[in-house]
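Below: entry.txt (compact mmCIF, N, CA and C atoms)
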```txt
# COMPACT_ATOMS: atom_id res chain seq x y z
N MET A 1 38.79 170.03 191.33
CA MET A 1 38.08 168.80 191.09
C MET A 1 38.42 167.83 192.21
N HIS A 2 37.48 166.98 192.52
CA HIS A 2 37.70 165.97 193.55
C HIS A 2 37.90 164.61 192.88
N LEU A 3 38.98 163.93 193.22
CA LEU A 3 39.33 162.64 192.62
C LEU A 3 39.37 161.55 193.68
N GLU A 4 38.76 160.41 193.35
CA GLU A 4 38.90 159.19 194.15
C GLU A 4 39.36 158.08 193.23
N ILE A 5 40.39 157.36 193.67
CA ILE A 5 40.85 156.16 192.96
C ILE A 5 40.62 154.98 193.89
N LEU A 6 39.77 154.04 193.44
CA LEU A 6 39.35 152.91 194.25
C LEU A 6 39.75 151.59 193.61
N THR A 7 40.13 150.62 194.44
CA THR A 7 40.33 149.24 194.02
C THR A 7 39.33 148.40 194.81
N PRO A 8 39.19 147.12 194.49
CA PRO A 8 38.30 146.28 195.30
C PRO A 8 38.73 146.20 196.77
N ASP A 9 40.00 146.47 197.05
CA ASP A 9 40.52 146.32 198.40
C ASP A 9 40.68 147.61 199.19
N ALA A 10 40.80 148.76 198.50
CA ALA A 10 41.15 149.98 199.23
C ALA A 10 40.87 151.23 198.41
N LYS A 11 40.81 152.35 199.13
CA LYS A 11 40.81 153.66 198.49
C LYS A 11 42.27 154.07 198.38
N VAL A 12 42.76 154.18 197.14
CA VAL A 12 44.18 154.44 196.90
C VAL A 12 44.50 155.92 196.97
N PHE A 13 43.56 156.76 196.53
CA PHE A 13 43.78 158.21 196.53
C PHE A 13 42.46 158.91 196.69
N GLU A 14 42.47 160.01 197.45
CA GLU A 14 41.33 160.91 197.50
C GLU A 14 41.85 162.31 197.76
N GLY A 15 41.41 163.27 196.93
CA GLY A 15 41.85 164.63 197.14
C GLY A 15 41.45 165.55 196.01
N GLU A 16 41.79 166.82 196.21
CA GLU A 16 41.52 167.85 195.21
C GLU A 16 42.67 167.90 194.22
N VAL A 17 42.34 167.96 192.93
CA VAL A 17 43.35 167.93 191.87
C VAL A 17 43.05 169.00 190.83
N ASN A 18 44.08 169.35 190.06
CA ASN A 18 43.94 170.34 188.98
C ASN A 18 43.74 169.69 187.62
N ARG A 19 44.38 168.54 187.43
CA ARG A 19 44.24 167.82 186.15
C ARG A 19 44.62 166.37 186.34
N VAL A 20 44.04 165.51 185.49
CA VAL A 20 44.35 164.08 185.54
C VAL A 20 44.45 163.58 184.10
N ILE A 21 45.48 162.78 183.83
CA ILE A 21 45.64 162.14 182.53
C ILE A 21 45.40 160.65 182.72
N PHE A 22 44.49 160.10 181.89
CA PHE A 22 44.07 158.71 182.01
C PHE A 22 44.51 157.88 180.81
N PRO A 23 44.75 156.57 181.02
CA PRO A 23 45.05 155.64 179.92
C PRO A 23 43.76 155.02 179.37
N GLY A 24 43.02 155.77 178.57
CA GLY A 24 41.78 155.27 178.01
C GLY A 24 42.02 154.12 177.03
N ILE A 25 41.01 153.26 176.85
CA ILE A 25 41.20 152.13 175.94
C ILE A 25 41.35 152.57 174.48
N MET A 26 40.87 153.75 174.15
CA MET A 26 41.02 154.28 172.79
C MET A 26 42.14 155.31 172.71
N GLY A 27 42.92 155.45 173.78
CA GLY A 27 44.02 156.40 173.83
C GLY A 27 43.92 157.26 175.08
N GLY A 28 45.03 157.87 175.43
CA GLY A 28 45.08 158.69 176.63
C GLY A 28 44.23 159.94 176.48
N PHE A 29 43.70 160.43 177.61
CA PHE A 29 42.94 161.68 177.59
C PHE A 29 43.12 162.40 178.92
N GLU A 30 42.88 163.71 178.88
CA GLU A 30 43.09 164.57 180.04
C GLU A 30 41.76 165.14 180.50
N VAL A 31 41.59 165.26 181.81
CA VAL A 31 40.40 165.87 182.38
C VAL A 31 40.84 167.09 183.19
N LEU A 32 40.22 168.23 182.88
CA LEU A 32 40.47 169.49 183.58
C LEU A 32 39.16 169.95 184.23
N ASN A 33 39.26 170.97 185.06
CA ASN A 33 38.10 171.55 185.72
C ASN A 33 37.01 171.89 184.70
N GLY A 34 35.77 171.54 185.00
CA GLY A 34 34.66 171.85 184.12
C GLY A 34 34.46 170.88 182.97
N HIS A 35 35.15 169.75 182.98
CA HIS A 35 35.03 168.78 181.88
C HIS A 35 33.60 168.27 181.77
N ALA A 36 33.18 168.00 180.55
CA ALA A 36 31.85 167.44 180.30
C ALA A 36 31.71 166.08 180.97
N PRO A 37 30.51 165.71 181.37
CA PRO A 37 30.30 164.39 181.97
C PRO A 37 30.71 163.27 181.02
N LEU A 38 31.32 162.22 181.57
CA LEU A 38 31.68 161.07 180.75
C LEU A 38 31.92 159.86 181.62
N ILE A 39 31.81 158.71 180.99
CA ILE A 39 32.23 157.43 181.58
C ILE A 39 33.12 156.78 180.54
N SER A 40 34.30 156.33 180.95
CA SER A 40 35.24 155.74 180.01
C SER A 40 35.91 154.52 180.61
N ALA A 41 36.17 153.53 179.76
CA ALA A 41 36.96 152.37 180.17
C ALA A 41 38.44 152.73 180.13
N LEU A 42 39.18 152.16 181.06
CA LEU A 42 40.62 152.40 181.14
C LEU A 42 41.36 151.09 180.90
N LYS A 43 42.53 151.20 180.26
CA LYS A 43 43.39 150.03 180.09
C LYS A 43 44.51 150.11 181.12
N ASP A 44 45.28 149.04 181.23
CA ASP A 44 46.45 149.06 182.10
C ASP A 44 47.34 150.23 181.69
N GLY A 45 47.82 150.99 182.67
CA GLY A 45 48.69 152.12 182.36
C GLY A 45 48.83 153.06 183.53
N ILE A 46 49.28 154.26 183.24
CA ILE A 46 49.59 155.26 184.26
C ILE A 46 48.49 156.31 184.32
N ILE A 47 47.98 156.56 185.53
CA ILE A 47 47.12 157.72 185.78
C ILE A 47 48.04 158.78 186.38
N LYS A 48 48.13 159.93 185.72
CA LYS A 48 48.99 161.02 186.18
C LYS A 48 48.10 162.10 186.79
N VAL A 49 48.32 162.37 188.08
CA VAL A 49 47.48 163.28 188.85
C VAL A 49 48.29 164.52 189.22
N THR A 50 47.80 165.69 188.83
CA THR A 50 48.47 166.95 189.16
C THR A 50 47.59 167.73 190.14
N SER A 51 48.15 168.04 191.30
CA SER A 51 47.45 168.88 192.28
C SER A 51 48.24 170.17 192.44
N ALA A 52 47.78 171.04 193.32
CA ALA A 52 48.46 172.32 193.52
C ALA A 52 49.88 172.14 194.04
N SER A 53 50.12 171.05 194.78
CA SER A 53 51.42 170.89 195.43
C SER A 53 52.35 169.87 194.79
N ASN A 54 51.82 168.92 193.99
CA ASN A 54 52.71 167.91 193.42
C ASN A 54 52.06 167.14 192.28
N VAL A 55 52.84 166.21 191.72
CA VAL A 55 52.38 165.32 190.66
C VAL A 55 52.59 163.89 191.16
N GLU A 56 51.55 163.05 191.04
CA GLU A 56 51.66 161.65 191.43
C GLU A 56 51.26 160.79 190.24
N GLU A 57 51.86 159.61 190.16
CA GLU A 57 51.52 158.65 189.12
C GLU A 57 51.11 157.34 189.76
N PHE A 58 50.04 156.75 189.23
CA PHE A 58 49.53 155.48 189.71
C PHE A 58 49.51 154.50 188.54
N ASN A 59 50.24 153.41 188.68
CA ASN A 59 50.29 152.37 187.65
C ASN A 59 49.14 151.41 187.93
N VAL A 60 48.09 151.51 187.11
CA VAL A 60 46.85 150.79 187.40
C VAL A 60 46.58 149.67 186.41
N LYS A 61 45.78 148.71 186.88
CA LYS A 61 45.21 147.70 186.00
C LYS A 61 43.89 148.27 185.48
N SER A 62 43.31 147.65 184.51
CA SER A 62 42.14 148.19 183.82
C SER A 62 41.00 148.53 184.78
N GLY A 63 40.09 149.39 184.28
CA GLY A 63 38.95 149.80 185.08
C GLY A 63 38.10 150.81 184.34
N PHE A 64 37.46 151.69 185.11
CA PHE A 64 36.57 152.71 184.57
C PHE A 64 36.76 154.02 185.31
N VAL A 65 36.41 155.13 184.63
CA VAL A 65 36.37 156.44 185.28
C VAL A 65 35.03 157.09 184.94
N GLU A 66 34.46 157.75 185.95
CA GLU A 66 33.26 158.57 185.75
C GLU A 66 33.63 160.00 186.10
N VAL A 67 33.26 160.93 185.22
CA VAL A 67 33.46 162.36 185.46
C VAL A 67 32.08 163.00 185.49
N LEU A 68 31.75 163.66 186.60
CA LEU A 68 30.44 164.28 186.73
C LEU A 68 30.53 165.43 187.73
N ASN A 69 30.23 166.64 187.26
CA ASN A 69 30.21 167.83 188.13
C ASN A 69 31.52 168.01 188.92
N ASN A 70 32.63 167.92 188.21
CA ASN A 70 33.97 168.08 188.80
C ASN A 70 34.30 167.05 189.88
N LYS A 71 33.63 165.90 189.83
CA LYS A 71 33.99 164.77 190.69
C LYS A 71 34.40 163.62 189.78
N LEU A 72 35.62 163.11 189.99
CA LEU A 72 36.15 162.01 189.20
C LEU A 72 36.23 160.78 190.10
N THR A 73 35.54 159.73 189.70
CA THR A 73 35.57 158.48 190.45
C THR A 73 36.19 157.41 189.56
N VAL A 74 37.28 156.84 190.02
CA VAL A 74 38.02 155.84 189.26
C VAL A 74 37.94 154.51 190.00
N CYS A 75 37.49 153.47 189.30
CA CYS A 75 37.45 152.11 189.85
C CYS A 75 38.35 151.25 188.98
N VAL A 76 39.42 150.72 189.57
CA VAL A 76 40.38 149.91 188.82
C VAL A 76 40.55 148.56 189.52
N GLU A 77 41.03 147.58 188.75
CA GLU A 77 41.24 146.24 189.30
C GLU A 77 42.34 146.22 190.34
N GLY A 78 43.33 147.11 190.19
CA GLY A 78 44.42 147.17 191.16
C GLY A 78 45.42 148.24 190.79
N VAL A 79 46.26 148.57 191.75
CA VAL A 79 47.35 149.50 191.54
C VAL A 79 48.64 148.72 191.71
N ILE A 80 49.48 148.74 190.68
CA ILE A 80 50.73 147.98 190.69
C ILE A 80 51.74 148.66 191.60
N GLU A 81 51.80 149.99 191.50
CA GLU A 81 52.68 150.79 192.35
C GLU A 81 52.24 152.24 192.22
N ASN A 82 52.58 153.06 193.18
CA ASN A 82 52.39 154.51 193.00
C ASN A 82 53.65 155.23 193.39
N ASN A 83 53.93 156.29 192.64
CA ASN A 83 55.18 157.03 192.85
C ASN A 83 54.89 158.40 193.42
```
Go ahead and express the file in the form of structure tokens.
Amino acid sequence: MHLEILTPDAKVFEGEVNRVIFPGIMGGFEVLNGHAPLISALKDGIIKVTSASNVEEFNVKSGFVEVLNNKLTVCVEGVIENN
């Protein structure tokens, strides 16, 4: 899957990933390869990104995610820090 994490100021992350866990406003959820299309609001929290080589976490402010044809586009108000 291809993931982009965007803020109003910058592209924070772009790359191929195996799974992503999001802080949805109705609770956390995971997206894997082949996930059904969706658009979801995100609350402040951690986006956990797993790729073939490592795991990264992004502490984000609220935003949205769109999942369509194994492309995940995340637009958030900001990233507090990334580890």
Point to revise | Top pick for closest residue to A:Ile47, considering A:Ile25, A:Val20, A:Lys71, A:Gly34 and counting all atoms listed in the file | key: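 Among the listed residues, A:Val20 lies closest to A:Ile47.
Going from atom CA of A:Glu57 over to atom N of A:Asn70, you cover 21.1 Å.
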Practice item. One decimal, Å: what's the distance from atom CA of A:Val76 over to atom CA of A:Glu30, could you say? Key: 17.3 Å
Check your understanding: Within 10 Å of (45.7, 168.7, 185.3), only C-alpha atoms: residues as a list in words?
Key ->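 Nearby residues: Met1, Val17, Asn18, Arg19, Val20, Ile21, Glu30, Val31, Leu32, Asn33, Lys48, Val49, Thr50, Ser51, Ala52 and Val55 of chain A.
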Exercise for review: Name the residues in contact with stretch 4-11 of chain A at a cut-off of 5 Å, using all atoms listed in the file, excluding same-chain residues fewer than 4 positions from it; report them as an MDAnalysis selection string.
Suggested key: chainID A and resid 72:76
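Of the listed residues A:Met26, A:Val60, A:Glu77, A:Gly15, the one whose atoms come nearest to A:Asp44 is A:Val60, with distances taken using only N, CA and C atoms.
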Practice item. Using DSSP on the backbone coordinates, identify all residues within chain A classified as strand (DSSP E or B); present the result as a PyMOL selection string. Key: chain A and resi 2-6+11-16+19-24+27-32+38-42+45-50+55-60+63-68+71-76+79-82
Review point. Can you tell me how far atom C of A:Pro37 sits from atom C of A:Ile80, in Å to one decimal?
Key: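 These two atoms are separated by 27.7 Å.
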Point to revise | Which of A:Phe64, A:Asn69, A:Val79, A:Ser53 sits closest to A:His2 [using all atoms listed in the file] | key: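 Closest to A:His2 of all the choices is A:Asn69.
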